[in-house]
Every structure is written in structure tokens, then in C-alpha cells.
file coords05.txt (compact mmCIF, N, CA and C atoms)
# COMPACT_ATOMS: atom_id res chain seq x y z
N MET A 1389 0.84 -1.17 0.00
CA MET A 1389 0.00 0.00 0.00
C MET A 1389 0.89 1.24 0.00
N THR A 1390 0.71 2.12 -0.98
CA THR A 1390 1.48 3.35 -1.04
C THR A 1390 0.57 4.54 -1.31
N THR A 1391 1.06 5.69 -0.97
CA THR A 1391 0.39 6.93 -1.27
C THR A 1391 1.37 7.77 -2.07
N VAL A 1392 1.03 8.09 -3.30
CA VAL A 1392 1.94 8.78 -4.21
C VAL A 1392 2.29 10.16 -3.67
N GLY A 1393 3.59 10.46 -3.65
CA GLY A 1393 4.08 11.75 -3.23
C GLY A 1393 4.21 11.94 -1.73
N LYS A 1394 3.85 10.96 -0.95
CA LYS A 1394 3.90 11.08 0.51
C LYS A 1394 5.07 10.27 1.06
N GLU A 1395 5.74 10.83 2.07
CA GLU A 1395 6.83 10.10 2.72
C GLU A 1395 6.26 8.97 3.58
N ALA A 1396 6.78 7.78 3.38
CA ALA A 1396 6.36 6.61 4.16
C ALA A 1396 7.12 6.58 5.48
N LYS A 1397 6.51 6.02 6.47
CA LYS A 1397 7.19 5.70 7.73
C LYS A 1397 7.26 4.18 7.75
N VAL A 1398 8.48 3.65 7.89
CA VAL A 1398 8.65 2.21 7.80
C VAL A 1398 9.42 1.67 8.99
N LEU A 1399 9.22 0.40 9.25
CA LEU A 1399 10.01 -0.34 10.23
C LEU A 1399 10.98 -1.20 9.44
N PHE A 1400 12.26 -1.07 9.73
CA PHE A 1400 13.28 -1.81 9.01
C PHE A 1400 13.63 -3.10 9.74
N TYR A 1401 13.67 -4.19 9.00
CA TYR A 1401 14.05 -5.51 9.51
C TYR A 1401 15.22 -6.01 8.68
N ASP A 1402 15.80 -7.11 9.09
CA ASP A 1402 16.88 -7.72 8.31
C ASP A 1402 16.31 -8.19 6.97
N GLY A 1403 16.70 -7.51 5.90
CA GLY A 1403 16.30 -7.91 4.56
C GLY A 1403 14.88 -7.56 4.16
N ASP A 1404 14.17 -6.78 4.98
CA ASP A 1404 12.79 -6.44 4.67
C ASP A 1404 12.38 -5.20 5.47
N PHE A 1405 11.27 -4.61 5.06
CA PHE A 1405 10.70 -3.50 5.82
C PHE A 1405 9.19 -3.58 5.73
N ASP A 1406 8.53 -2.91 6.65
CA ASP A 1406 7.07 -2.91 6.69
C ASP A 1406 6.61 -1.47 6.94
N TYR A 1407 5.42 -1.15 6.46
CA TYR A 1407 4.88 0.21 6.58
C TYR A 1407 4.27 0.45 7.95
N GLU A 1408 4.59 1.60 8.54
CA GLU A 1408 3.83 2.12 9.67
C GLU A 1408 2.82 3.13 9.13
N VAL A 1409 3.29 3.97 8.18
CA VAL A 1409 2.45 4.95 7.50
C VAL A 1409 2.74 4.80 6.00
N PRO A 1410 1.71 4.58 5.19
CA PRO A 1410 1.93 4.40 3.75
C PRO A 1410 2.53 5.63 3.08
N GLY A 1411 3.27 5.40 2.03
CA GLY A 1411 3.87 6.44 1.22
C GLY A 1411 4.63 5.81 0.08
N ASP A 1412 5.30 6.63 -0.73
CA ASP A 1412 6.05 6.08 -1.85
C ASP A 1412 7.55 6.30 -1.74
N HIS A 1413 8.00 6.99 -0.68
CA HIS A 1413 9.43 7.22 -0.51
C HIS A 1413 9.77 7.41 0.97
N VAL A 1414 11.08 7.33 1.24
CA VAL A 1414 11.64 7.69 2.54
C VAL A 1414 12.79 8.64 2.25
N LYS A 1415 13.35 9.24 3.29
CA LYS A 1415 14.48 10.14 3.11
C LYS A 1415 15.75 9.52 3.66
N CYS A 1416 16.85 9.75 2.96
CA CYS A 1416 18.16 9.30 3.42
C CYS A 1416 18.51 10.07 4.68
N SER A 1417 18.95 9.38 5.71
CA SER A 1417 19.27 10.04 6.97
C SER A 1417 20.57 10.83 6.91
N VAL A 1418 21.37 10.63 5.87
CA VAL A 1418 22.62 11.36 5.72
C VAL A 1418 22.44 12.57 4.81
N THR A 1419 21.83 12.35 3.64
CA THR A 1419 21.73 13.41 2.63
C THR A 1419 20.39 14.13 2.63
N GLY A 1420 19.36 13.49 3.17
CA GLY A 1420 18.02 14.07 3.12
C GLY A 1420 17.31 13.86 1.79
N LYS A 1421 17.97 13.18 0.85
CA LYS A 1421 17.37 12.93 -0.47
C LYS A 1421 16.26 11.90 -0.37
N LYS A 1422 15.25 12.07 -1.24
CA LYS A 1422 14.16 11.10 -1.30
C LYS A 1422 14.66 9.81 -1.93
N ILE A 1423 14.21 8.69 -1.37
CA ILE A 1423 14.51 7.37 -1.92
C ILE A 1423 13.16 6.70 -2.19
N HIS A 1424 12.87 6.48 -3.47
CA HIS A 1424 11.62 5.79 -3.81
C HIS A 1424 11.72 4.37 -3.24
N LEU A 1425 10.62 3.88 -2.70
CA LEU A 1425 10.66 2.57 -2.04
C LEU A 1425 11.11 1.44 -2.98
N SER A 1426 10.86 1.59 -4.28
CA SER A 1426 11.33 0.57 -5.21
C SER A 1426 12.85 0.60 -5.36
N GLN A 1427 13.49 1.69 -4.94
CA GLN A 1427 14.95 1.84 -5.02
C GLN A 1427 15.62 1.74 -3.66
N LEU A 1428 14.87 1.42 -2.63
CA LEU A 1428 15.41 1.33 -1.27
C LEU A 1428 16.13 0.00 -1.08
N HIS A 1429 17.46 0.07 -0.92
CA HIS A 1429 18.27 -1.14 -0.76
C HIS A 1429 19.14 -1.11 0.49
N TYR A 1430 19.32 0.07 1.09
CA TYR A 1430 20.26 0.21 2.21
C TYR A 1430 19.58 0.87 3.40
N TRP A 1431 19.69 0.22 4.56
CA TRP A 1431 19.14 0.77 5.79
C TRP A 1431 19.80 0.12 6.98
N SER A 1432 19.58 0.74 8.15
CA SER A 1432 20.09 0.19 9.40
C SER A 1432 18.91 -0.26 10.24
N VAL A 1433 18.91 -1.52 10.63
CA VAL A 1433 17.88 -2.05 11.51
C VAL A 1433 18.05 -1.44 12.89
N ASP A 1434 19.28 -1.35 13.37
CA ASP A 1434 19.54 -0.82 14.72
C ASP A 1434 19.13 0.65 14.85
N ARG A 1435 19.42 1.45 13.83
CA ARG A 1435 19.11 2.88 13.89
C ARG A 1435 17.77 3.23 13.25
N GLN A 1436 17.17 2.26 12.54
CA GLN A 1436 15.91 2.49 11.83
C GLN A 1436 16.03 3.70 10.91
N GLU A 1437 17.09 3.67 10.06
CA GLU A 1437 17.38 4.74 9.12
C GLU A 1437 17.59 4.17 7.73
N ALA A 1438 17.23 4.97 6.73
CA ALA A 1438 17.43 4.59 5.33
C ALA A 1438 18.62 5.37 4.76
N TYR A 1439 19.29 4.79 3.74
CA TYR A 1439 20.44 5.42 3.10
C TYR A 1439 20.31 5.29 1.59
N THR A 1440 20.82 6.30 0.87
CA THR A 1440 20.78 6.27 -0.59
C THR A 1440 21.76 5.25 -1.18
N SER A 1441 22.80 4.92 -0.43
CA SER A 1441 23.81 3.98 -0.93
C SER A 1441 24.54 3.33 0.24
N ALA A 1442 25.30 2.30 -0.06
CA ALA A 1442 26.12 1.66 0.96
C ALA A 1442 27.14 2.65 1.51
N GLN A 1443 27.65 3.52 0.65
CA GLN A 1443 28.62 4.52 1.09
C GLN A 1443 27.99 5.46 2.13
N MET A 1444 26.76 5.88 1.93
CA MET A 1444 26.09 6.75 2.90
C MET A 1444 25.83 6.01 4.21
N GLY A 1445 25.54 4.73 4.13
CA GLY A 1445 25.40 3.92 5.34
C GLY A 1445 26.70 3.87 6.12
N PHE A 1446 27.81 3.75 5.39
CA PHE A 1446 29.13 3.72 6.03
C PHE A 1446 29.45 5.08 6.66
N VAL A 1447 29.12 6.16 5.97
CA VAL A 1447 29.34 7.51 6.51
C VAL A 1447 28.60 7.65 7.84
N ARG A 1448 27.35 7.22 7.87
CA ARG A 1448 26.55 7.31 9.10
C ARG A 1448 27.14 6.43 10.19
N HIS A 1449 27.57 5.23 9.83
CA HIS A 1449 28.20 4.30 10.78
C HIS A 1449 29.44 4.94 11.41
N ARG A 1450 30.25 5.59 10.60
CA ARG A 1450 31.49 6.22 11.09
C ARG A 1450 31.19 7.33 12.10
N ARG A 1451 30.05 8.00 11.95
CA ARG A 1451 29.68 9.07 12.89
C ARG A 1451 29.39 8.52 14.27
N TYR A 1452 28.97 7.26 14.35
CA TYR A 1452 28.58 6.65 15.63
C TYR A 1452 29.69 5.82 16.26
N THR A 1453 30.81 5.64 15.56
CA THR A 1453 31.89 4.81 16.12
C THR A 1453 33.11 5.62 16.43
call {"tool": "encode", "arguments": {"input": "coords05.txt", "output": "C-alpha cells"}}
result
Amino acid sequence: MTTVGKEAKVLFYDGDFDYEVPGDHVKCSVTGKKIHLSQLHYWSVDRQEAYTSAQMGFVRHRRYT
């Protein structure tokens, strides 16, 4: 279930995610860029954050270590 143009709120799991609030995109926690859910491949289960790329996930990881 999606709502076009609306930011989704999702719960991230290992290898999957589920909707809390329907939408068609989430925002990268590092860059703030929109990530269409069909293009969402990188996230942190522990931090419940989405990333535009593996590199952005690593950048975020480095900030916490």
C-alpha cells in the first residue's frame, strides 16, 4: 500500500521492511534525499534509518563509532 508523493514511515528488519504509514518514498538520513521505495536497498535495523547507498550507510556508521 502506497500513497503517491507522501513520505512513508517504515520499520526496518533484516532484509525487509514494513509500513507504519503508507507512502512512496523515505528520506536518506545522511543526505536528506528522497529514496523511492522501489529503489530502497540500504538501511540500518539498529538505527531504523534509510540510506541512498552503501557509502552513505558507512558515513553514518562512522559518525557513531
call {"tool": "atom_distance", "arguments": {"input": "coords05.txt", "atom1": "atom N of Leu1425 in chain A", "atom2": "CA of Asp1412 in chain A"}}
result
5.1 Å
call {"tool": "axis_aligned_box", "arguments": {"input": "coords05.txt", "around": "range 1409-1415 of chain A", "padding_each_side": "6 Å", "output": "AutoDock Vina command-line options"}}
result
--center_x 8.7 --center_y 7.1 --center_z 3.2 --size_x 26.0 --size_y 18.2 --size_z 22.0
call {"tool": "residues_around", "arguments": {"input": "coords05.txt", "residues": "Lys1397 in chain A", "least_positions_apart": "4", "cutoff": "8 Å", "atoms": "all atoms listed in the file", "output": "list of chain:residue names"}}
result
A:Asp1406, A:Tyr1407, A:Glu1408, A:Val1409, A:Pro1410, A:Gly1411, A:Asp1412, A:His1413, A:Val1414
call {"tool": "write_last_selection", "arguments": {"input": "coords05.txt", "atoms": "N, CA and C atoms", "output": "short mmCIF file (atom, residue, chain, number, x, y, z; two decimals), in the coordinates of the input"}}
result
data_model
loop_
_atom_site.label_atom_id
_atom_site.label_comp_id
_atom_site.auth_asym_id
_atom_site.auth_seq_id
_atom_site.Cartn_x
_atom_site.Cartn_y
_atom_site.Cartn_z
N ASP A 1406 8.53 -2.91 6.65
CA ASP A 1406 7.07 -2.91 6.69
C ASP A 1406 6.61 -1.47 6.94
N TYR A 1407 5.42 -1.15 6.46
CA TYR A 1407 4.88 0.21 6.58
C TYR A 1407 4.27 0.45 7.95
N GLU A 1408 4.59 1.60 8.54
CA GLU A 1408 3.83 2.12 9.67
C GLU A 1408 2.82 3.13 9.13
N VAL A 1409 3.29 3.97 8.18
CA VAL A 1409 2.45 4.95 7.50
C VAL A 1409 2.74 4.80 6.00
N PRO A 1410 1.71 4.58 5.19
CA PRO A 1410 1.93 4.40 3.75
C PRO A 1410 2.53 5.63 3.08
N GLY A 1411 3.27 5.40 2.03
CA GLY A 1411 3.87 6.44 1.22
C GLY A 1411 4.63 5.81 0.08
N ASP A 1412 5.30 6.63 -0.73
CA ASP A 1412 6.05 6.08 -1.85
C ASP A 1412 7.55 6.30 -1.74
N HIS A 1413 8.00 6.99 -0.68
CA HIS A 1413 9.43 7.22 -0.51
C HIS A 1413 9.77 7.41 0.97
N VAL A 1414 11.08 7.33 1.24
CA VAL A 1414 11.64 7.69 2.54
C VAL A 1414 12.79 8.64 2.25
#
call {"tool": "atom_distance", "arguments": {"input": "coords05.txt", "atom1": "atom C of Arg1450 in chain A", "atom2": "CA of Lys1394 in chain A"}}
result
29.9 Å
call {"tool": "select_by_dssp", "arguments": {"input": "coords05.txt", "residues": "chain A", "states": "helix (DSSP H, G or I)", "output": "JSON, numbers by chain"}}
result
{"A": [1425, 1426, 1427, 1442, 1443, 1444, 1445, 1446, 1447, 1448, 1449, 1450, 1451, 1452]}
call {"tool": "write_last_selection", "arguments": {"input": "coords05.txt", "atoms": "N, CA and C atoms", "output": "tab-separated table (two decimals), in the coordinates of the input"}}
result
chain	number	residue	atom	x	y	z
A	1425	LEU	N	10.62	3.88	-2.70
A	1425	LEU	CA	10.66	2.57	-2.04
A	1425	LEU	C	11.11	1.44	-2.98
A	1426	SER	N	10.86	1.59	-4.28
A	1426	SER	CA	11.33	0.57	-5.21
A	1426	SER	C	12.85	0.60	-5.36
A	1427	GLN	N	13.49	1.69	-4.94
A	1427	GLN	CA	14.95	1.84	-5.02
A	1427	GLN	C	15.62	1.74	-3.66
A	1442	ALA	N	25.30	2.30	-0.06
A	1442	ALA	CA	26.12	1.66	0.96
A	1442	ALA	C	27.14	2.65	1.51
A	1443	GLN	N	27.65	3.52	0.65
A	1443	GLN	CA	28.62	4.52	1.09
A	1443	GLN	C	27.99	5.46	2.13
A	1444	MET	N	26.76	5.88	1.93
A	1444	MET	CA	26.09	6.75	2.90
A	1444	MET	C	25.83	6.01	4.21
A	1445	GLY	N	25.54	4.73	4.13
A	1445	GLY	CA	25.40	3.92	5.34
A	1445	GLY	C	26.70	3.87	6.12
A	1446	PHE	N	27.81	3.75	5.39
A	1446	PHE	CA	29.13	3.72	6.03
A	1446	PHE	C	29.45	5.08	6.66
A	1447	VAL	N	29.12	6.16	5.97
A	1447	VAL	CA	29.34	7.51	6.51
A	1447	VAL	C	28.60	7.65	7.84
A	1448	ARG	N	27.35	7.22	7.87
A	1448	ARG	CA	26.55	7.31	9.10
A	1448	ARG	C	27.14	6.43	10.19
A	1449	HIS	N	27.57	5.23	9.83
A	1449	HIS	CA	28.20	4.30	10.78
A	1449	HIS	C	29.44	4.94	11.41
A	1450	ARG	N	30.25	5.59	10.60
A	1450	ARG	CA	31.49	6.22	11.09
A	1450	ARG	C	31.19	7.33	12.10
A	1451	ARG	N	30.05	8.00	11.95
A	1451	ARG	CA	29.68	9.07	12.89
A	1451	ARG	C	29.39	8.52	14.27
A	1452	TYR	N	28.97	7.26	14.35
A	1452	TYR	CA	28.58	6.65	15.63
A	1452	TYR	C	29.69	5.82	16.26
call {"tool": "atom_distance", "arguments": {"input": "coords05.txt", "atom1": "CA of Glu1395 in chain A", "atom2": "atom N of Lys1415 in chain A"}}
result
6.6 Å
call {"tool": "residues_around", "arguments": {"input": "coords05.txt", "residues": "Ser1432 in chain A", "least_positions_apart": "5", "cutoff": "7 Å", "atoms": "only N, CA and C atoms", "output": "ChimeraX atom specification"}}
result
/A:1400-1401,1437-1439
call {"tool": "select_by_dssp", "arguments": {"input": "coords05.txt", "residues": "chain A", "states": "strand (DSSP E)", "output": "PyMOL selection string"}}
result
chain A and resi 1397-1401+1404-1409+1413-1415+1422-1424+1430-1432+1437-1439
call {"tool": "residues_around", "arguments": {"input": "coords05.txt", "residues": "Ser1441 in chain A", "least_positions_apart": "4", "cutoff": "9 Å", "atoms": "only C-alpha atoms", "output": "PyMOL selection string"}}
result
chain A and resi 1416+1428-1431+1445-1446
call {"tool": "write_last_selection", "arguments": {"input": "coords05.txt", "atoms": "N, CA and C atoms", "output": "PDB file, in the frame of the given file"}}
result
ATOM      1  N   CYS A1416      16.850   9.750   2.960  1.00  0.00           N
ATOM      2  CA  CYS A1416      18.160   9.300   3.420  1.00  0.00           C
ATOM      3  C   CYS A1416      18.510  10.070   4.680  1.00  0.00           C
ATOM      4  N   LEU A1428      14.870   1.420  -2.630  1.00  0.00           N
ATOM      5  CA  LEU A1428      15.410   1.330  -1.270  1.00  0.00           C
ATOM      6  C   LEU A1428      16.130   0.000  -1.080  1.00  0.00           C
ATOM      7  N   HIS A1429      17.460   0.070  -0.920  1.00  0.00           N
ATOM      8  CA  HIS A1429      18.270  -1.140  -0.760  1.00  0.00           C
ATOM      9  C   HIS A1429      19.140  -1.110   0.490  1.00  0.00           C
ATOM     10  N   TYR A1430      19.320   0.070   1.090  1.00  0.00           N
ATOM     11  CA  TYR A1430      20.260   0.210   2.210  1.00  0.00           C
ATOM     12  C   TYR A1430      19.580   0.870   3.400  1.00  0.00           C
ATOM     13  N   TRP A1431      19.690   0.220   4.560  1.00  0.00           N
ATOM     14  CA  TRP A1431      19.140   0.770   5.790  1.00  0.00           C
ATOM     15  C   TRP A1431      19.800   0.120   6.980  1.00  0.00           C
ATOM     16  N   GLY A1445      25.540   4.730   4.130  1.00  0.00           N
ATOM     17  CA  GLY A1445      25.400   3.920   5.340  1.00  0.00           C
ATOM     18  C   GLY A1445      26.700   3.870   6.120  1.00  0.00           C
ATOM     19  N   PHE A1446      27.810   3.750   5.390  1.00  0.00           N
ATOM     20  CA  PHE A1446      29.130   3.720   6.030  1.00  0.00           C
ATOM     21  C   PHE A1446      29.450   5.080   6.660  1.00  0.00           C
TER      22      PHE A1446
END
